[in-house]
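Content type compact mmCIF, C-alpha atoms, from the file my_file.txt:
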```
# COMPACT_ATOMS: atom_id res chain seq x y z
CA MET A 1 23.60 89.69 -9.31
CA SER A 2 26.20 89.78 -6.55
CA ARG A 3 26.95 86.61 -4.65
CA ILE A 4 26.69 86.70 -0.88
CA SER A 5 29.73 85.11 0.62
CA ARG A 6 29.11 82.88 3.56
CA PRO A 7 31.34 83.24 6.55
CA ARG A 8 33.80 80.38 6.87
CA PRO A 9 33.48 78.31 10.03
CA CYS A 10 36.13 79.02 12.64
CA ARG A 11 38.56 76.21 13.01
CA LYS A 12 39.97 75.42 16.41
CA PRO A 13 43.72 75.55 16.51
CA ARG A 14 45.26 72.14 16.47
CA ARG A 15 46.84 71.04 19.73
CA ARG A 16 50.33 69.86 19.30
CA LYS A 17 50.81 66.34 20.53
CA THR A 18 53.51 65.78 23.06
CA PRO A 19 56.17 63.67 21.40
CA PRO A 20 56.28 60.13 22.82
CA GLU A 21 59.90 60.53 23.78
CA ARG A 22 59.05 63.53 25.98
CA ILE A 23 56.28 61.58 27.73
CA LEU A 24 58.68 58.70 28.31
CA SER A 25 61.26 61.15 29.58
CA PHE A 26 58.86 62.42 32.27
CA VAL A 27 57.73 58.93 33.26
CA ASN A 28 61.32 57.90 33.94
CA THR A 29 62.33 60.88 36.05
CA ILE A 30 63.18 60.40 39.69
CA ALA A 31 60.28 62.68 40.65
CA SER A 32 57.81 60.45 38.79
CA MET A 33 59.30 57.33 40.40
CA LEU A 34 58.78 58.87 43.82
CA ALA A 35 55.17 59.78 42.97
CA ARG A 36 54.40 56.26 41.79
CA GLY A 37 56.04 54.67 44.81
CA THR A 38 54.14 56.92 47.21
CA ASP A 39 50.86 56.15 45.47
CA GLU A 40 51.46 52.40 45.62
CA LEU A 41 52.28 52.51 49.34
CA ARG A 42 49.23 54.68 50.01
CA ARG A 43 46.99 52.15 48.29
CA ALA A 44 48.59 49.38 50.37
CA GLY A 45 47.70 51.23 53.57
CA VAL A 46 51.31 51.67 54.68
CA ASP A 47 51.96 54.17 57.45
CA SER A 48 53.69 57.38 56.22
CA PRO A 49 53.78 56.32 52.55
CA GLY A 50 55.53 59.46 51.34
CA LEU A 51 58.37 59.14 53.86
CA SER A 52 58.82 55.43 53.17
CA ALA A 53 58.90 56.00 49.40
CA ARG A 54 61.44 58.80 49.76
CA VAL A 55 63.76 56.79 52.04
CA LEU A 56 63.62 53.74 49.79
CA LEU A 57 64.27 55.78 46.65
CA ALA A 58 67.27 57.47 48.24
CA HIS A 59 68.56 54.01 49.20
CA ALA A 60 68.10 52.69 45.65
CA LEU A 61 70.02 55.69 44.28
CA ASP A 62 72.67 55.50 47.04
CA LEU A 63 71.92 59.10 48.04
CA SER A 64 70.93 60.81 51.25
CA THR A 65 67.29 61.89 51.49
CA GLU A 66 68.54 65.49 51.65
CA LYS A 67 70.26 65.21 48.26
CA LEU A 68 67.33 63.45 46.64
CA VAL A 69 65.53 66.72 45.89
CA LEU A 70 68.53 67.92 43.86
CA VAL A 71 68.07 65.15 41.28
CA PHE A 72 64.26 65.09 40.94
CA GLN A 73 64.35 65.94 37.23
CA ASP A 74 67.10 63.47 36.41
CA GLN A 75 66.48 60.12 34.77
CA THR A 76 67.87 56.84 35.99
CA SER A 77 68.60 53.38 34.64
CA ASP A 78 66.10 50.58 34.22
CA GLU A 79 68.13 48.55 36.72
CA ILE A 80 67.70 51.13 39.48
CA ARG A 81 64.04 51.56 38.61
CA ARG A 82 63.43 47.80 38.93
CA HIS A 83 65.35 47.72 42.21
CA TYR A 84 63.21 50.55 43.59
CA GLU A 85 60.03 48.79 42.50
CA GLU A 86 61.19 45.68 44.40
CA LEU A 87 61.78 47.75 47.53
CA ILE A 88 58.33 49.33 47.21
CA ALA A 89 56.76 45.89 46.79
CA ARG A 90 58.41 44.66 50.00
CA ARG A 91 57.21 47.71 51.92
CA SER A 92 53.71 47.27 50.45
CA ARG A 93 53.60 43.84 52.09
CA GLY A 94 54.28 45.47 55.46
CA GLU A 95 57.99 44.76 55.82
CA PRO A 96 59.58 47.45 58.04
CA VAL A 97 61.84 49.95 56.30
CA ALA A 98 64.70 49.13 58.71
CA TYR A 99 64.77 45.49 57.58
CA ILE A 100 64.59 46.50 53.91
CA LEU A 101 67.53 48.87 54.33
CA GLY A 102 69.37 46.56 56.72
CA ARG A 103 70.13 49.38 59.12
CA LYS A 104 68.62 51.68 61.74
CA GLU A 105 69.82 54.78 63.57
CA PHE A 106 70.08 54.59 67.35
CA TYR A 107 71.71 57.13 69.69
CA SER A 108 72.81 59.08 66.56
CA LEU A 109 74.73 56.02 65.33
CA ASP A 110 74.07 53.69 62.41
CA PHE A 111 73.46 50.02 63.27
CA GLN A 112 73.00 46.93 61.15
CA VAL A 113 69.69 45.14 61.73
CA SER A 114 68.09 41.99 60.35
CA PRO A 115 64.83 40.10 60.95
CA GLN A 116 66.71 38.12 63.65
CA VAL A 117 66.89 41.18 65.93
CA LEU A 118 64.45 43.80 67.15
CA ILE A 119 64.46 47.16 65.40
CA PRO A 120 65.95 49.69 67.86
CA ARG A 121 63.42 52.15 69.33
CA PRO A 122 64.18 55.73 70.42
CA GLU A 123 62.82 55.08 73.92
CA THR A 124 65.58 52.51 74.55
CA GLU A 125 68.10 55.37 74.40
CA LEU A 126 66.87 56.23 77.90
CA LEU A 127 68.86 53.28 79.29
CA VAL A 128 72.08 54.61 77.75
CA GLU A 129 71.40 58.05 79.22
CA LEU A 130 70.67 56.62 82.67
CA VAL A 131 73.96 54.72 82.68
CA GLY A 132 75.74 57.86 81.48
CA ASN A 133 74.35 59.83 84.41
CA SER A 134 75.32 57.18 86.96
CA TYR A 135 79.07 56.72 86.45
CA SER A 136 82.22 58.71 85.83
CA ARG A 137 84.20 58.36 82.60
CA GLN A 138 87.31 57.78 84.69
CA GLN A 139 85.90 54.68 86.40
CA LYS A 140 86.61 51.11 85.38
CA LYS A 141 83.53 48.91 85.35
CA ILE A 142 82.50 45.47 84.14
CA PHE A 143 78.90 45.22 83.01
CA ALA A 144 76.63 42.82 81.16
CA ASP A 145 74.16 43.42 78.35
CA LEU A 146 71.69 40.57 78.78
CA GLY A 147 69.71 39.74 75.64
CA THR A 148 71.96 41.99 73.59
CA GLY A 149 70.12 41.56 70.25
CA SER A 150 71.80 43.88 67.74
CA GLY A 151 74.24 44.98 70.48
CA ILE A 152 73.07 48.58 70.64
CA LEU A 153 73.14 48.99 74.44
CA GLY A 154 76.54 47.43 75.07
CA ILE A 155 78.11 49.21 72.10
CA CYS A 156 76.74 52.67 72.95
CA ILE A 157 77.83 52.38 76.58
CA ALA A 158 81.28 51.12 75.54
CA LEU A 159 81.62 54.12 73.22
CA ASP A 160 80.65 56.51 76.04
CA PHE A 161 82.95 54.86 78.61
CA SER A 162 86.35 53.90 77.23
CA LEU A 163 87.35 52.05 80.42
CA PHE A 164 84.28 49.83 80.65
CA LEU A 165 84.29 46.15 79.68
CA CYS A 166 81.08 44.44 78.54
CA LEU A 167 79.84 40.84 78.56
CA ALA A 168 77.02 40.62 76.00
CA CYS A 169 74.92 37.49 75.66
CA ASP A 170 71.94 36.30 73.66
CA ILE A 171 70.31 32.94 73.01
CA SER A 172 70.19 33.60 69.26
CA LYS A 173 73.29 32.83 67.18
CA GLN A 174 71.94 35.00 64.37
CA ALA A 175 71.48 37.96 66.71
CA LEU A 176 75.03 37.57 68.03
CA ALA A 177 76.37 37.66 64.47
CA VAL A 178 74.62 40.99 63.92
CA ALA A 179 75.88 42.33 67.26
CA ARG A 180 79.49 41.34 66.51
CA SER A 181 79.26 43.06 63.13
CA ASN A 182 78.01 46.24 64.80
CA ALA A 183 80.80 46.12 67.38
CA ARG A 184 83.39 45.88 64.59
CA ARG A 185 81.74 48.75 62.74
CA HIS A 186 81.98 50.98 65.81
CA ARG A 187 85.43 49.70 66.83
CA VAL A 188 84.62 48.39 70.31
CA SER A 189 85.13 44.67 69.65
CA ASP A 190 88.16 44.66 71.94
CA ARG A 191 86.00 45.66 74.94
CA ILE A 192 82.91 43.52 74.37
CA LEU A 193 82.83 39.74 74.74
CA PHE A 194 79.85 38.28 72.91
CA PHE A 195 78.72 34.78 73.86
CA ARG A 196 75.66 32.62 73.55
CA GLY A 197 73.75 32.31 76.82
CA ASP A 198 70.39 32.79 78.47
CA MET A 199 70.10 35.78 80.82
CA GLY A 200 73.69 35.70 82.00
CA ALA A 201 74.15 31.95 82.37
CA GLY A 202 77.89 31.25 82.48
CA ILE A 203 78.92 34.60 84.00
CA LYS A 204 80.84 34.30 87.26
CA PRO A 205 78.73 35.18 90.36
CA GLN A 206 79.28 38.63 91.91
CA SER A 207 81.52 39.73 89.02
CA LEU A 208 79.47 42.58 87.57
CA ASP A 209 79.16 46.24 88.53
CA PHE A 210 75.89 46.68 86.65
CA ILE A 211 73.54 45.09 84.15
CA VAL A 212 71.63 46.64 81.25
CA CYS A 213 68.70 44.75 79.83
CA ASN A 214 65.89 45.35 77.37
CA PRO A 215 64.08 42.04 77.93
CA PRO A 216 60.98 40.70 76.22
CA TYR A 217 58.06 42.24 78.15
CA ILE A 218 55.01 41.92 75.88
CA SER A 219 52.09 39.82 77.12
CA VAL A 220 50.19 37.38 74.91
CA ARG A 221 47.22 39.74 74.79
CA GLU A 222 49.37 42.77 73.95
CA PHE A 223 51.17 40.83 71.22
CA ALA A 224 47.88 40.15 69.44
CA GLY A 225 47.20 43.90 69.35
CA LEU A 226 50.58 44.98 67.98
CA GLU A 227 50.87 46.56 64.56
CA ALA A 228 51.01 43.95 61.81
CA GLU A 229 54.51 44.92 60.70
CA VAL A 230 55.81 44.34 64.24
CA ARG A 231 53.82 41.16 64.87
CA ASN A 232 54.57 39.61 61.48
CA PHE A 233 58.19 40.62 60.94
CA GLU A 234 60.05 41.18 64.23
CA PRO A 235 61.29 38.14 66.22
CA GLY A 236 58.60 36.99 68.63
CA GLN A 237 61.08 35.54 71.11
CA ALA A 238 62.49 39.04 71.64
CA LEU A 239 59.02 40.44 72.35
CA LEU A 240 56.88 37.87 74.15
CA SER A 241 57.31 37.01 77.82
CA GLY A 242 54.52 34.78 79.03
CA GLU A 243 50.89 35.45 79.79
CA ARG A 244 51.53 38.77 81.60
CA GLY A 245 54.78 39.85 79.99
CA LEU A 246 56.75 39.53 83.23
CA GLY A 247 58.55 36.20 82.86
CA HIS A 248 61.91 37.58 81.75
CA ILE A 249 61.86 40.42 84.29
CA LYS A 250 61.38 37.88 87.09
CA ARG A 251 64.23 35.81 85.70
CA LEU A 252 66.39 38.94 85.46
CA GLU A 253 65.85 39.71 89.14
CA GLN A 254 67.05 36.24 90.12
CA GLU A 255 70.11 36.32 87.87
CA ALA A 256 71.06 39.89 88.77
CA ALA A 257 71.00 39.05 92.49
CA ARG A 258 73.55 36.32 91.74
CA LEU A 259 75.77 38.22 89.31
CA LEU A 260 76.08 41.70 90.81
CA ARG A 261 78.61 42.87 93.33
CA GLY A 262 77.60 44.45 96.64
CA SER A 263 76.07 47.72 95.40
CA GLY A 264 75.47 46.76 91.80
CA ARG A 265 72.62 48.11 89.69
CA VAL A 266 70.19 46.94 87.06
CA PHE A 267 69.15 49.30 84.23
CA LEU A 268 65.96 47.80 82.87
CA GLU A 269 63.51 48.70 80.10
CA MET A 270 59.88 47.75 80.78
CA GLY A 271 56.34 48.16 79.50
CA SER A 272 54.54 51.42 80.25
CA THR A 273 52.04 49.67 82.58
CA GLN A 274 54.54 47.49 84.46
CA ALA A 275 56.01 49.88 87.03
CA ASP A 276 54.12 48.44 90.01
CA HIS A 277 54.94 44.90 88.93
CA VAL A 278 58.64 45.76 88.64
CA ARG A 279 58.63 47.30 92.13
CA ARG A 280 57.11 44.12 93.54
CA ILE A 281 59.53 41.86 91.68
CA PHE A 282 62.50 43.85 93.04
CA SER A 283 60.95 44.45 96.47
CA ARG A 284 63.89 42.91 98.35
CA TRP A 285 66.36 45.28 96.70
CA SER A 286 67.47 48.50 98.39
CA SER A 287 65.86 50.88 95.88
CA CYS A 288 63.86 50.94 92.65
CA HIS A 289 63.41 54.18 90.68
CA ILE A 290 61.11 54.47 87.67
CA TYR A 291 61.88 56.84 84.76
CA GLN A 292 59.69 58.13 81.94
CA ASP A 293 60.44 58.32 78.24
CA LEU A 294 59.95 61.44 76.09
CA ALA A 295 56.26 60.59 75.73
CA GLY A 296 55.86 60.72 79.51
CA LEU A 297 55.32 56.96 79.82
CA ASP A 298 56.99 54.75 82.42
CA ARG A 299 59.78 53.11 80.45
CA ALA A 300 62.83 52.27 82.58
CA ALA A 301 63.79 51.21 86.08
CA VAL A 302 67.10 51.59 87.88
CA VAL A 303 67.33 49.09 90.72
CA CYS A 304 70.12 49.03 93.34
CA LYS A 305 71.10 45.85 95.11
```

Please, can you express the file's structure as structure tokens?
Amino acid sequence: MSRISRPRPCRKPRRRKTPPERILSFVNTIASMLARGTDELRRAGVDSPGLSARVLLAHALDLSTEKLVLVFQDQTSDEIRRHYEELIARRSRGEPVAYILGRKEFYSLDFQVSPQVLIPRPETELLVELVGNSYSRQQKKIFADLGTGSGILGICIALDFSLFLCLACDISKQALAVARSNARRHRVSDRILFFRGDMGAGIKPQSLDFIVCNPPYISVREFAGLEAEVRNFEPGQALLSGERGLGHIKRLEQEAARLLRGSGRVFLEMGSTQADHVRRIFSRWSSCHIYQDLAGLDRAAVVCK
């Protein structure tokens, strides 16, 4: 009697396990570090988490963000990985990227920044452009940068006008240290005198051709509504100016009237809703022109004595 053979059950092919060293190799690649950093910042609710993670990783690796993509599959040291994780942790707590890096671009130049100074904003470049359109490069002028902060306005104008001399003051010793460092970096220290003072106190009357100023102009109510990373990390004394945000602008008008020569000018940054207030404050001056930033918002005034 013949035996009936039973069909053998089909066995599934065994899946090869990925060797542990290969898994570890992927986990430690620069691409995987970027993915983890982006995910952590996204969970923390940080604005633009992917961009922040990329910029911080490039900083940790001492590379430009453009070159970062060329090394995505490379591995890095535990020391760099820990450093990057520390940077991500700081950003997760809301600290601005500029303070973490210690620098910020303004007017296509690189400037040192610290928590003792405001982070430069693109709209402030409008003041530099307005000065550039108002004077000839062959003229000799003496001007003041009142409330200089990181020194960006005085330095950029001094770079554009090689014959201009600048008096730059601030009430913060820490801010002046940052500004002096930036002036040395951009090689204009010989044409900018930095000194501690409040809105031009100590400058000889009728000695200036013009004044540039980005004063505090945020009201108490506006300050409460600012983004947390601005409100919690940037210096309040460089932002707040009384109940209506106009205290420093009023003080500027008084000091400018004393310091400027006959036809001197004030180049002033202001809040987007303050144009009418600025016109009233400078009502005794010969002219007051308001200019808009790239977003179409009122942002600067040029006032002639």

### Query
What's the 7 Å shell around range 267-280 of chain A, counting only C-alpha atoms, without same-chain residues fewer than 3 positions away, as a PyMOL selection string?
chain A and resi 127+211-214+217+283+288+290+297-303

Write out as CSV the residues of range 174-217 of chain A that have any atom within 10 Å of an atom of range 100-118 of chain A, one row each with the nearest atom pair and its distance in Å to one decimal, counting all atoms listed in the file, sorted by chain and then rising number.
```
residue,atom,partner,partner_atom,distance
A:Gln174,CA,A:Gln116,CA,6.1
A:Ala175,CA,A:Val117,CA,5.7
A:Leu176,CA,A:Val117,CA,9.1
A:Ala177,CA,A:Gln116,CA,9.7
A:Val178,CA,A:Gln112,CA,6.8
A:Ala179,CA,A:Gln112,CA,8.2
A:Ser181,CA,A:Gln112,CA,7.6
A:Asn182,CA,A:Phe111,CA,6.1
A:Ala183,CA,A:Phe111,CA,9.3
A:Arg185,CA,A:Phe111,CA,8.4
A:His186,CA,A:Leu109,CA,8.8
```

Selection file, C-alpha atoms, as a PDB file, in the coordinates of the input:
```pdb
ATOM      1  CA  GLN A 174      71.940  35.000  64.370  1.00  0.00           C
ATOM      2  CA  ALA A 175      71.480  37.960  66.710  1.00  0.00           C
ATOM      3  CA  LEU A 176      75.030  37.570  68.030  1.00  0.00           C
ATOM      4  CA  ALA A 177      76.370  37.660  64.470  1.00  0.00           C
ATOM      5  CA  VAL A 178      74.620  40.990  63.920  1.00  0.00           C
ATOM      6  CA  ALA A 179      75.880  42.330  67.260  1.00  0.00           C
ATOM      7  CA  SER A 181      79.260  43.060  63.130  1.00  0.00           C
ATOM      8  CA  ASN A 182      78.010  46.240  64.800  1.00  0.00           C
ATOM      9  CA  ALA A 183      80.800  46.120  67.380  1.00  0.00           C
ATOM     10  CA  ARG A 185      81.740  48.750  62.740  1.00  0.00           C
ATOM     11  CA  HIS A 186      81.980  50.980  65.810  1.00  0.00           C
TER      12      HIS A 186
END
```

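Residues surrounding Ser134 in chain A within 12 Å are Leu127, Val128, Glu129, Leu130, Val131, Gly132, Ser136, Arg137, Gln139, Lys141, Ile157, Phe161, Asp209, Phe210, Gly264, Arg265, Val266, Phe267, Val302, Val303 and Cys304 of chain A [only C-alpha atoms; sequence separation below 2 positions excluded].
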
### Message
Report, in Å to a single decimal, how far apart CA of Ser48 in chain A and CA of Ser92 in chain A are.
### Response
11.6 Å

### Query
So how far away is CA of Gln206 in chain A from CA of Arg261 in chain A, in Å?
4.5 Å

### Message
Could you list, as number ranges by chain, every residue within 9 Å of Leu240 in chain A, counting only C-alpha atoms and ignoring same-chain residues fewer than 6 positions away?
### Response
A: 216-220, 222-223

Residue contacts of Ser77 in chain A (12 Å, all atoms listed in the file) excluding same-chain residues fewer than 6 positions away, as a short mmCIF file (atom, residue, chain, number, x, y, z; two decimals) with C-alpha atoms, in the frame of the given file:
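Written out: part16.cif:
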```cif
data_model
loop_
_atom_site.label_atom_id
_atom_site.label_comp_id
_atom_site.auth_asym_id
_atom_site.auth_seq_id
_atom_site.Cartn_x
_atom_site.Cartn_y
_atom_site.Cartn_z
CA SER A 25 61.26 61.15 29.58
CA ASN A 28 61.32 57.90 33.94
CA THR A 29 62.33 60.88 36.05
CA ILE A 30 63.18 60.40 39.69
CA MET A 33 59.30 57.33 40.40
CA ALA A 60 68.10 52.69 45.65
CA LEU A 61 70.02 55.69 44.28
CA HIS A 83 65.35 47.72 42.21
CA TYR A 84 63.21 50.55 43.59
#
```

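The spacing separating CA of Phe143 in chain A from CA of Leu167 in chain A amounts to 6.3 Å.
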
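Residue nearest Leu68 in chain A within the list A:Ala31, A:Ile88, A:Ile203, A:Leu41: A:Ala31 [criterion: smallest interatomic distance, all atoms listed in the file].
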